[in-house]
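A.B. asks: Below you'll find my_file04.cif; it's mmCIF, C-alpha atoms.
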```cif
data_target
loop_
_atom_site.group_PDB
_atom_site.id
_atom_site.type_symbol
_atom_site.label_atom_id
_atom_site.label_comp_id
_atom_site.auth_asym_id
_atom_site.auth_seq_id
_atom_site.Cartn_x
_atom_site.Cartn_y
_atom_site.Cartn_z
ATOM 1 C CA LEU A 1 -2.029 22.734 28.870
ATOM 2 C CA TYR A 2 -1.733 25.309 31.622
ATOM 3 C CA PHE A 3 -4.782 26.572 33.508
ATOM 4 C CA GLU A 4 -4.869 29.672 31.310
ATOM 5 C CA GLU A 5 -5.156 27.510 28.181
ATOM 6 C CA PHE A 6 -8.388 25.824 29.292
ATOM 7 C CA ASN A 7 -11.552 27.821 28.586
ATOM 8 C CA GLU A 8 -15.177 27.311 29.527
ATOM 9 C CA GLY A 9 -17.031 25.617 26.681
ATOM 10 C CA GLN A 10 -13.828 24.254 25.111
ATOM 11 C CA LYS A 11 -14.343 20.726 23.764
ATOM 12 C CA PHE A 12 -12.049 17.809 23.063
ATOM 13 C CA GLN A 13 -12.975 14.704 21.061
ATOM 14 C CA LEU A 14 -11.408 11.377 22.011
ATOM 15 C CA ASP A 15 -10.778 8.430 19.689
ATOM 16 C CA PRO A 16 -13.365 5.635 19.505
ATOM 17 C CA ILE A 17 -12.795 2.755 21.929
ATOM 18 C CA GLN A 18 -14.092 -0.759 21.291
ATOM 19 C CA VAL A 19 -14.585 -3.078 24.241
ATOM 20 C CA THR A 20 -14.437 -6.826 23.574
ATOM 21 C CA LYS A 21 -16.026 -9.503 25.725
ATOM 22 C CA GLU A 22 -12.512 -10.620 26.634
ATOM 23 C CA ASP A 23 -11.693 -7.091 27.849
ATOM 24 C CA ILE A 24 -14.867 -7.094 29.928
ATOM 25 C CA PHE A 25 -14.051 -10.436 31.578
ATOM 26 C CA THR A 26 -10.426 -9.491 32.258
ATOM 27 C CA TYR A 27 -11.251 -6.168 33.878
ATOM 28 C CA ALA A 28 -14.189 -7.501 35.865
ATOM 29 C CA HIS A 29 -12.300 -10.460 37.305
ATOM 30 C CA GLU A 30 -9.768 -8.035 38.752
ATOM 31 C CA TYR A 31 -11.860 -5.023 39.748
ATOM 32 C CA ASP A 32 -15.598 -5.706 39.592
ATOM 33 C CA PRO A 33 -16.437 -9.419 39.749
ATOM 34 C CA GLN A 34 -20.202 -9.055 39.655
ATOM 35 C CA PRO A 35 -22.057 -11.917 37.956
ATOM 36 C CA ILE A 36 -23.445 -9.522 35.324
ATOM 37 C CA HIS A 37 -19.862 -8.905 34.127
ATOM 38 C CA ILE A 38 -18.389 -12.400 34.362
ATOM 39 C CA ASP A 39 -21.161 -15.030 34.404
ATOM 40 C CA GLU A 40 -22.590 -15.492 30.921
ATOM 41 C CA GLN A 41 -25.579 -17.587 31.937
ATOM 42 C CA PHE A 42 -26.535 -15.212 34.757
ATOM 43 C CA ALA A 43 -26.158 -12.257 32.381
ATOM 44 C CA ASN A 44 -28.256 -13.863 29.637
ATOM 45 C CA GLU A 45 -31.126 -14.309 32.080
ATOM 46 C CA SER A 46 -30.822 -10.755 33.486
ATOM 47 C CA ILE A 47 -32.686 -7.637 32.385
ATOM 48 C CA PHE A 48 -29.665 -6.790 30.205
ATOM 49 C CA GLY A 49 -29.886 -10.027 28.211
ATOM 50 C CA GLY A 50 -26.145 -10.612 28.200
ATOM 51 C CA ILE A 51 -22.739 -9.666 29.566
ATOM 52 C CA ILE A 52 -22.199 -5.933 30.120
ATOM 53 C CA ALA A 53 -19.024 -4.041 30.971
ATOM 54 C CA SER A 54 -18.263 -2.812 34.467
ATOM 55 C CA GLY A 55 -19.193 0.847 34.714
ATOM 56 C CA PHE A 56 -15.806 1.470 36.286
ATOM 57 C CA GLN A 57 -14.131 -0.091 33.246
ATOM 58 C CA THR A 58 -15.867 2.356 30.903
ATOM 59 C CA VAL A 59 -14.678 5.281 33.009
ATOM 60 C CA SER A 60 -11.137 3.873 33.331
ATOM 61 C CA LEU A 61 -10.689 3.202 29.603
ATOM 62 C CA VAL A 62 -11.826 6.684 28.641
ATOM 63 C CA TRP A 63 -9.830 8.346 31.415
ATOM 64 C CA SER A 64 -6.719 6.412 30.373
ATOM 65 C CA GLN A 65 -7.004 7.693 26.802
ATOM 66 C CA TRP A 66 -7.638 11.242 28.026
ATOM 67 C CA ILE A 67 -4.436 11.122 30.107
ATOM 68 C CA GLN A 68 -2.463 9.610 27.226
ATOM 69 C CA LYS A 69 -3.514 12.526 25.018
ATOM 70 C CA ARG A 70 -1.414 14.687 27.392
ATOM 71 C CA TYR A 71 -3.762 17.687 27.494
ATOM 72 C CA PHE A 72 -3.044 17.773 31.222
ATOM 73 C CA GLY A 73 0.565 16.779 30.622
ATOM 74 C CA ASP A 74 2.879 17.728 33.473
ATOM 75 C CA GLN A 75 0.583 20.646 34.380
ATOM 76 C CA ILE A 76 -1.918 18.631 36.428
ATOM 77 C CA VAL A 77 -1.374 19.044 40.161
ATOM 78 C CA GLY A 78 -3.984 16.533 41.265
ATOM 79 C CA GLY A 79 -7.588 15.414 41.105
ATOM 80 C CA VAL A 80 -10.025 16.710 43.704
ATOM 81 C CA GLY A 81 -12.985 14.499 42.992
ATOM 82 C CA MET A 82 -15.817 13.696 40.681
ATOM 83 C CA ASP A 83 -19.535 14.342 40.533
ATOM 84 C CA ASN A 84 -22.384 13.174 38.380
ATOM 85 C CA LEU A 85 -20.982 9.815 37.476
ATOM 86 C CA LEU A 86 -23.970 8.261 35.738
ATOM 87 C CA TRP A 87 -24.202 4.859 34.122
ATOM 88 C CA LYS A 88 -27.189 5.617 31.915
ATOM 89 C CA ARG A 89 -27.075 2.655 29.568
ATOM 90 C CA PRO A 90 -25.163 -0.648 29.558
ATOM 91 C CA VAL A 91 -22.026 -1.196 27.477
ATOM 92 C CA TYR A 92 -22.186 -4.516 25.598
ATOM 93 C CA PRO A 93 -19.280 -6.453 24.056
ATOM 94 C CA ASN A 94 -18.010 -4.836 20.833
ATOM 95 C CA ASP A 95 -19.787 -1.542 21.493
ATOM 96 C CA VAL A 96 -17.807 1.403 20.164
ATOM 97 C CA LEU A 97 -17.547 4.313 22.595
ATOM 98 C CA SER A 98 -16.948 7.906 21.527
ATOM 99 C CA THR A 99 -16.226 10.581 24.091
ATOM 100 C CA THR A 100 -16.524 14.344 24.175
ATOM 101 C CA VAL A 101 -14.783 16.229 26.980
ATOM 102 C CA GLU A 102 -16.009 19.733 27.757
ATOM 103 C CA VAL A 103 -14.586 22.356 30.108
ATOM 104 C CA ILE A 104 -17.512 23.306 32.348
ATOM 105 C CA SER A 105 -15.983 25.771 34.762
ATOM 106 C CA LYS A 106 -12.671 27.169 35.935
ATOM 107 C CA LYS A 107 -11.597 29.010 39.048
ATOM 108 C CA ALA A 108 -8.193 30.600 39.563
ATOM 109 C CA PHE A 109 -6.201 30.430 42.810
ATOM 110 C CA PRO A 110 -3.355 32.812 41.882
ATOM 111 C CA GLU A 111 -1.810 32.752 45.350
ATOM 112 C CA LYS A 112 -1.350 28.993 44.890
ATOM 113 C CA LYS A 113 -0.237 29.380 41.275
ATOM 114 C CA ARG A 114 -2.910 26.985 40.153
ATOM 115 C CA GLY A 115 -6.566 26.763 39.218
ATOM 116 C CA LEU A 116 -9.450 24.340 39.474
ATOM 117 C CA ILE A 117 -11.141 23.153 36.284
ATOM 118 C CA GLU A 118 -14.225 21.009 35.989
ATOM 119 C CA LEU A 119 -14.687 18.815 32.931
ATOM 120 C CA THR A 120 -17.665 16.802 31.764
ATOM 121 C CA PHE A 121 -17.001 13.541 29.946
ATOM 122 C CA THR A 122 -19.912 12.364 27.793
ATOM 123 C CA ILE A 123 -19.546 8.852 26.389
ATOM 124 C CA VAL A 124 -21.872 7.658 23.600
ATOM 125 C CA ASN A 125 -22.140 4.282 21.906
ATOM 126 C CA GLN A 126 -22.340 3.484 18.181
ATOM 127 C CA ASP A 127 -26.070 4.343 18.241
ATOM 128 C CA GLU A 128 -25.206 7.802 19.611
ATOM 129 C CA LYS A 129 -26.930 7.003 22.886
ATOM 130 C CA ILE A 130 -25.268 8.296 26.032
ATOM 131 C CA VAL A 131 -23.918 5.401 28.097
ATOM 132 C CA THR A 132 -21.882 7.210 30.750
ATOM 133 C CA THR A 133 -21.103 10.705 31.984
ATOM 134 C CA PHE A 134 -18.769 11.955 34.693
ATOM 135 C CA ALA A 135 -17.403 15.308 35.810
ATOM 136 C CA PRO A 136 -13.937 15.343 37.389
ATOM 137 C CA LYS A 137 -12.404 18.393 39.061
ATOM 138 C CA VAL A 138 -8.645 18.831 38.866
ATOM 139 C CA PHE A 139 -6.056 21.407 39.873
ATOM 140 C CA ILE A 140 -3.893 22.627 36.985
ATOM 141 C CA LYS A 141 -0.725 24.746 37.260
ATOM 142 C CA MET A 142 -0.849 28.352 36.113
ATOM 143 C CA LYS A 143 1.596 29.442 33.438
ATOM 144 C CA ASP A 144 2.259 32.697 35.258
ATOM 145 C CA GLY A 145 2.810 30.900 38.520
ATOM 146 C CA ASN A 146 5.312 28.642 36.862
ATOM 147 C CA LYS A 147 7.271 31.559 35.422
ATOM 148 C CA GLU A 148 7.656 33.158 38.824
ATOM 149 C CA GLU A 149 9.228 30.080 40.349
ATOM 150 C CA LEU B 150 -28.529 -9.375 50.416
ATOM 151 C CA TYR B 151 -31.950 -8.437 49.115
ATOM 152 C CA PHE B 152 -33.183 -4.847 49.206
ATOM 153 C CA GLU B 153 -35.185 -5.595 52.348
ATOM 154 C CA GLU B 154 -31.997 -6.713 54.134
ATOM 155 C CA PHE B 155 -30.232 -3.365 53.720
ATOM 156 C CA ASN B 156 -31.154 -0.723 56.305
ATOM 157 C CA GLU B 157 -30.321 2.938 56.648
ATOM 158 C CA GLY B 158 -27.346 3.377 58.970
ATOM 159 C CA GLN B 159 -26.178 -0.222 58.530
ATOM 160 C CA LYS B 160 -22.372 -0.430 58.358
ATOM 161 C CA PHE B 161 -19.929 -2.893 56.874
ATOM 162 C CA GLN B 162 -16.191 -2.988 57.583
ATOM 163 C CA LEU B 163 -13.848 -4.106 54.814
ATOM 164 C CA ASP B 164 -10.444 -5.745 55.258
ATOM 165 C CA PRO B 165 -7.314 -3.545 55.208
ATOM 166 C CA ILE B 166 -5.723 -3.136 51.788
ATOM 167 C CA GLN B 167 -2.035 -2.333 51.326
ATOM 168 C CA VAL B 168 -0.930 -0.717 48.084
ATOM 169 C CA THR B 169 2.692 -1.240 47.016
ATOM 170 C CA LYS B 170 4.651 1.021 44.689
ATOM 171 C CA GLU B 171 4.633 -1.814 42.173
ATOM 172 C CA ASP B 172 0.817 -1.958 42.343
ATOM 173 C CA ILE B 173 0.686 1.795 41.788
ATOM 174 C CA PHE B 174 2.934 1.650 38.709
ATOM 175 C CA THR B 175 1.105 -1.329 37.207
ATOM 176 C CA TYR B 176 -2.342 0.203 37.554
ATOM 177 C CA ALA B 177 -1.275 3.669 36.428
ATOM 178 C CA HIS B 178 0.502 2.446 33.297
ATOM 179 C CA GLU B 179 -2.736 0.834 32.175
ATOM 180 C CA TYR B 180 -5.418 3.240 33.391
ATOM 181 C CA ASP B 181 -3.996 6.547 34.616
ATOM 182 C CA PRO B 182 -0.505 7.249 33.235
ATOM 183 C CA GLN B 183 -0.035 10.648 34.871
ATOM 184 C CA PRO B 184 3.556 11.537 35.776
ATOM 185 C CA ILE B 185 2.624 11.764 39.477
ATOM 186 C CA HIS B 186 1.760 8.019 39.398
ATOM 187 C CA ILE B 187 4.580 6.683 37.186
ATOM 188 C CA ASP B 188 7.508 9.139 37.069
ATOM 189 C CA GLU B 189 9.475 8.963 40.305
ATOM 190 C CA GLN B 190 11.623 12.055 39.691
ATOM 191 C CA PHE B 191 8.620 14.161 38.695
ATOM 192 C CA ALA B 192 6.741 12.920 41.767
ATOM 193 C CA ASN B 193 9.629 13.615 44.161
ATOM 194 C CA GLU B 194 9.705 17.246 43.000
ATOM 195 C CA SER B 195 5.905 17.648 43.198
ATOM 196 C CA ILE B 196 3.842 18.989 46.106
ATOM 197 C CA PHE B 197 3.265 15.354 47.146
ATOM 198 C CA GLY B 198 6.975 14.625 47.530
ATOM 199 C CA GLY B 199 6.761 11.197 45.933
ATOM 200 C CA ILE B 200 4.731 8.704 43.927
ATOM 201 C CA ILE B 201 1.026 8.563 44.832
ATOM 202 C CA ALA B 202 -1.639 6.093 43.739
ATOM 203 C CA SER B 203 -4.199 6.910 41.061
ATOM 204 C CA GLY B 204 -7.433 7.975 42.729
ATOM 205 C CA PHE B 205 -9.241 5.558 40.433
ATOM 206 C CA GLN B 206 -7.039 2.721 41.690
ATOM 207 C CA THR B 207 -8.050 3.394 45.296
ATOM 208 C CA VAL B 208 -11.715 3.281 44.331
ATOM 209 C CA SER B 209 -11.266 0.154 42.170
ATOM 210 C CA LEU B 210 -9.370 -1.819 44.822
ATOM 211 C CA VAL B 211 -11.955 -1.090 47.493
ATOM 212 C CA TRP B 212 -14.887 -1.696 45.154
ATOM 213 C CA SER B 213 -13.368 -5.003 44.065
ATOM 214 C CA GLN B 214 -13.152 -6.204 47.660
ATOM 215 C CA TRP B 215 -16.698 -5.006 48.355
ATOM 216 C CA ILE B 216 -18.001 -7.044 45.406
ATOM 217 C CA GLN B 217 -15.958 -10.094 46.445
ATOM 218 C CA LYS B 218 -17.582 -9.970 49.882
ATOM 219 C CA ARG B 219 -20.823 -10.807 48.052
ATOM 220 C CA TYR B 220 -23.110 -8.540 50.088
ATOM 221 C CA PHE B 221 -24.717 -7.640 46.759
ATOM 222 C CA GLY B 222 -24.292 -11.201 45.506
ATOM 223 C CA ASP B 223 -26.700 -12.084 42.700
ATOM 224 C CA GLN B 224 -29.202 -9.528 44.018
ATOM 225 C CA ILE B 225 -27.632 -6.472 42.402
ATOM 226 C CA VAL B 226 -29.497 -5.392 39.278
ATOM 227 C CA GLY B 227 -27.101 -2.629 38.278
ATOM 228 C CA GLY B 228 -25.318 0.543 39.250
ATOM 229 C CA VAL B 229 -26.970 3.877 38.540
ATOM 230 C CA GLY B 230 -24.100 6.202 39.290
ATOM 231 C CA MET B 231 -21.962 7.782 41.924
ATOM 232 C CA ASP B 232 -21.736 11.129 43.677
ATOM 233 C CA ASN B 233 -19.305 12.769 46.036
ATOM 234 C CA LEU B 234 -16.215 11.003 44.861
ATOM 235 C CA LEU B 235 -13.561 12.944 46.755
ATOM 236 C CA TRP B 236 -9.829 12.382 46.763
ATOM 237 C CA LYS B 237 -9.115 14.179 49.991
ATOM 238 C CA ARG B 238 -5.575 13.020 50.672
ATOM 239 C CA PRO B 239 -2.966 11.173 48.597
ATOM 240 C CA VAL B 240 -2.329 7.436 48.933
ATOM 241 C CA TYR B 241 1.406 6.700 49.160
ATOM 242 C CA PRO B 242 3.155 3.356 48.555
ATOM 243 C CA ASN B 243 2.618 0.902 51.440
ATOM 244 C CA ASP B 244 -0.255 2.905 52.929
ATOM 245 C CA VAL B 245 -2.833 0.629 54.531
ATOM 246 C CA LEU B 246 -6.421 1.492 53.633
ATOM 247 C CA SER B 247 -9.416 0.611 55.803
ATOM 248 C CA THR B 248 -12.930 1.108 54.538
ATOM 249 C CA THR B 249 -16.308 1.532 56.150
ATOM 250 C CA VAL B 250 -19.402 1.180 53.974
ATOM 251 C CA GLU B 251 -22.626 2.727 55.249
ATOM 252 C CA VAL B 252 -26.158 2.495 53.874
ATOM 253 C CA ILE B 253 -27.238 6.129 53.487
ATOM 254 C CA SER B 254 -30.691 5.814 51.953
ATOM 255 C CA LYS B 255 -33.059 3.345 50.341
ATOM 256 C CA LYS B 256 -36.099 3.724 48.147
ATOM 257 C CA ALA B 257 -38.392 0.891 47.110
ATOM 258 C CA PHE B 258 -39.840 0.445 43.617
ATOM 259 C CA PRO B 259 -42.214 -2.452 44.345
ATOM 260 C CA GLU B 260 -43.735 -2.409 40.853
ATOM 261 C CA LYS B 261 -40.266 -3.144 39.494
ATOM 262 C CA LYS B 262 -39.527 -5.631 42.268
ATOM 263 C CA ARG B 263 -36.381 -3.764 43.175
ATOM 264 C CA GLY B 264 -35.110 -0.830 45.202
ATOM 265 C CA LEU B 265 -32.433 1.822 45.028
ATOM 266 C CA ILE B 266 -29.856 1.973 47.806
ATOM 267 C CA GLU B 267 -27.182 4.590 48.286
ATOM 268 C CA LEU B 268 -23.968 3.661 50.087
ATOM 269 C CA THR B 269 -21.113 5.822 51.303
ATOM 270 C CA PHE B 270 -17.611 4.353 51.201
ATOM 271 C CA THR B 271 -15.168 6.062 53.577
ATOM 272 C CA ILE B 272 -11.544 5.028 53.136
ATOM 273 C CA VAL B 273 -8.980 5.949 55.795
ATOM 274 C CA ASN B 274 -5.231 5.367 55.896
ATOM 275 C CA GLN B 275 -3.066 3.975 58.725
ATOM 276 C CA ASP B 276 -3.139 7.418 60.405
ATOM 277 C CA GLU B 277 -6.959 7.301 60.401
ATOM 278 C CA LYS B 278 -7.089 10.215 57.994
ATOM 279 C CA ILE B 279 -9.763 10.049 55.306
ATOM 280 C CA VAL B 280 -8.162 9.616 51.886
ATOM 281 C CA THR B 281 -11.195 8.934 49.692
ATOM 282 C CA THR B 282 -14.983 8.852 49.846
ATOM 283 C CA PHE B 283 -17.586 7.892 47.251
ATOM 284 C CA ALA B 284 -21.307 7.229 47.228
ATOM 285 C CA PRO B 285 -22.617 4.750 44.658
ATOM 286 C CA LYS B 286 -26.310 4.157 43.981
ATOM 287 C CA VAL B 287 -27.371 0.670 42.952
ATOM 288 C CA PHE B 288 -30.584 -1.179 42.227
ATOM 289 C CA ILE B 289 -31.061 -4.320 44.337
ATOM 290 C CA LYS B 290 -33.697 -7.014 43.841
ATOM 291 C CA MET B 291 -36.557 -7.284 46.341
ATOM 292 C CA LYS B 292 -37.031 -10.582 48.104
ATOM 293 C CA ASP B 293 -40.791 -10.368 47.709
ATOM 294 C CA GLY B 294 -40.438 -9.550 44.038
ATOM 295 C CA ASN B 295 -38.271 -12.550 43.533
ATOM 296 C CA LYS B 296 -40.748 -14.891 45.181
ATOM 297 C CA GLU B 297 -43.514 -13.796 42.849
ATOM 298 C CA GLU B 298 -41.535 -14.621 39.726
#
```
Step by step, read the file and then write its structure as structure tokens.
C.D. replies:
Amino acid sequence: LYFEEFNEGQKFQLDPIQVTKEDIFTYAHEYDPQPIHIDEQFANESIFGGIIASGFQTVSLVWSQWIQKRYFGDQIVGGVGMDNLLWKRPVYPNDVLSTTVEVISKKAFPEKKRGLIELTFTIVNQDEKIVTTFAPKVFIKMKDGNKEE
Amino acid sequence: LYFEEFNEGQKFQLDPIQVTKEDIFTYAHEYDPQPIHIDEQFANESIFGGIIASGFQTVSLVWSQWIQKRYFGDQIVGGVGMDNLLWKRPVYPNDVLSTTVEVISKKAFPEKKRGLIELTFTIVNQDEKIVTTFAPKVFIKMKDGNKEE
């Protein structure tokens, strides 16, 4: 989608994602080898009572699906950053994560033929409890800008 | 380290990380399959002039090394969230990334036998230009709390 095709309040629903214990171990060994993600005995004795997924894994899995859906497609110029990343509740093995993506704000930069949009990702588990939120800001090409080139 | 062993202003220096084009492709295919990270022709014609690394990859690689250094060790209770994630400049293949981690603030919760610390990660490239920053907040066990258990 071009910048003009995103609108404040617009929502997108992603497909459910299930995270297995194997997925959790694999990701954590590479990117977040904290004992709570890879050491079963440590995790069982922790306040979480068992292995939980890396918070970065939750974000990465959801982001990956969002990109694969190609709403940004070839129109994304680049990411600026992210605010309000919150890991509100743990993600346990076999949890099923559902994500809503909402367009929060948009700002046009016509002289640059692009605009900045801010999205909020809200990820809930199978009990409809929020586990994670994050709000990336990205530059998206303008349709008009593209035509002029 | 226990909560008491982290102090405001304390700094940690991580080891340089080099990111190859192969690393960029591998990560992006799994977690961030945007054309700018995986499609060489698209990337060459973009404002970046070539393939750049996923911003999430930069964060994940640095975070992974931070965890492996075991400053948190078994004392980390869990991550709360992250603010001020900024992708200020692109990371190109073979860039060498150096990271400084600084303790920004700490707040004790003695009744819970833990405390909240906020860190700022500042990642610079071989030209000493900042490419990425992020500021995670994590709960860390208190030494005193641990003794009482």
A.B. asks: Excluding Phe25 of chain A and residues on its chain fewer than 4 positions from it, collect all residues at most 9 Å away from it, counting only C-alpha atoms, and give them as JSON, numbers by chain.
C.D. replies: {"A": [20, 21, 29, 30, 33, 37, 38, 39, 51, 53]}
A.B. asks: Please write the residues from the selection above to a file, keeping C-alpha atoms, as a short mmCIF file (atom, residue, chain, number, x, y, z; two decimals), in the coordinates of the input.
C.D. replies:
```cif
data_model
loop_
_atom_site.label_atom_id
_atom_site.label_comp_id
_atom_site.auth_asym_id
_atom_site.auth_seq_id
_atom_site.Cartn_x
_atom_site.Cartn_y
_atom_site.Cartn_z
CA THR A 20 -14.44 -6.83 23.57
CA LYS A 21 -16.03 -9.50 25.72
CA HIS A 29 -12.30 -10.46 37.30
CA GLU A 30 -9.77 -8.04 38.75
CA PRO A 33 -16.44 -9.42 39.75
CA HIS A 37 -19.86 -8.90 34.13
CA ILE A 38 -18.39 -12.40 34.36
CA ASP A 39 -21.16 -15.03 34.40
CA ILE A 51 -22.74 -9.67 29.57
CA ALA A 53 -19.02 -4.04 30.97
#
```
A.B. asks: So how many Å separate atom CA of Asn233 of chain B and atom CA of Phe139 of chain A, to one decimal?
C.D. replies: 17.0 Å
A.B. asks: Restrict the distance test to all atoms listed in the file, flag each residue of chain A within 9 Å of chain B, and return the flagged residues as a ChimeraX atom specification.
C.D. replies: /A:28-36,42,46-47,55-56,60-68,70,72-74,76-88,132,134,136
A.B. asks: What does the distance between atom CA of Ile104 of chain A and atom CA of Thr58 of chain A come to in Å, to one decimal place?
C.D. replies: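 Taking atom CA of Ile104 of chain A and atom CA of Thr58 of chain A, their separation equals 21.1 Å.
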A.B. asks: Residues proximal to (-21.2, -2.8, 26.9) were defined as those with any atom within 8 Å of that point in the file's coordinates, counting all atoms listed in the file. Which are they, as a list in words?
C.D. replies: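 So the residues meeting the distance criterion are Val19, Ile51, Ile52, Ala53, Pro90, Val91, Tyr92, Pro93, Asn94 and Asp95 of chain A.
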A.B. asks: Please list, as a PyMOL selection string, the residues that have an atom at most 8 Å away from (-1.0, 3.6, 57.5) in the coordinates of this file, counting all atoms listed in the file.
C.D. replies: chain B and resi 243-246+274-277
A.B. asks: State, in Å with one decimal place, the distance from atom CA of Lys255 of chain B to atom CA of Phe270 of chain B.
C.D. replies: 15.5 Å
A.B. asks: Go ahead and fit an axis-aligned box to every listed atom of segment 239-242 of chain B plus 8 Å each side, and pass me the centre and edge lengths in Å, one decimal, as AutoDock Vina command-line options.
C.D. replies:
```
--center_x 0.1 --center_y 7.3 --center_z 48.9 --size_x 22.1 --size_y 23.8 --size_z 16.6
```
A.B. asks: Any chance you could work out the residue set of the PyMOL selection byres ((chain A and resi 15) around 9) here, as a VMD selection string?
C.D. replies: chain A and resid 13 to 14 16 to 17 65 97 to 99
A.B. asks: Find the residues around Gly9 of chain A up to 10 Å (all atoms listed in the file counted), leave out those fewer than 3 positions away in its own chain, and share them as a PyMOL selection string.
C.D. replies: chain A and resi 6+12+101-105+119
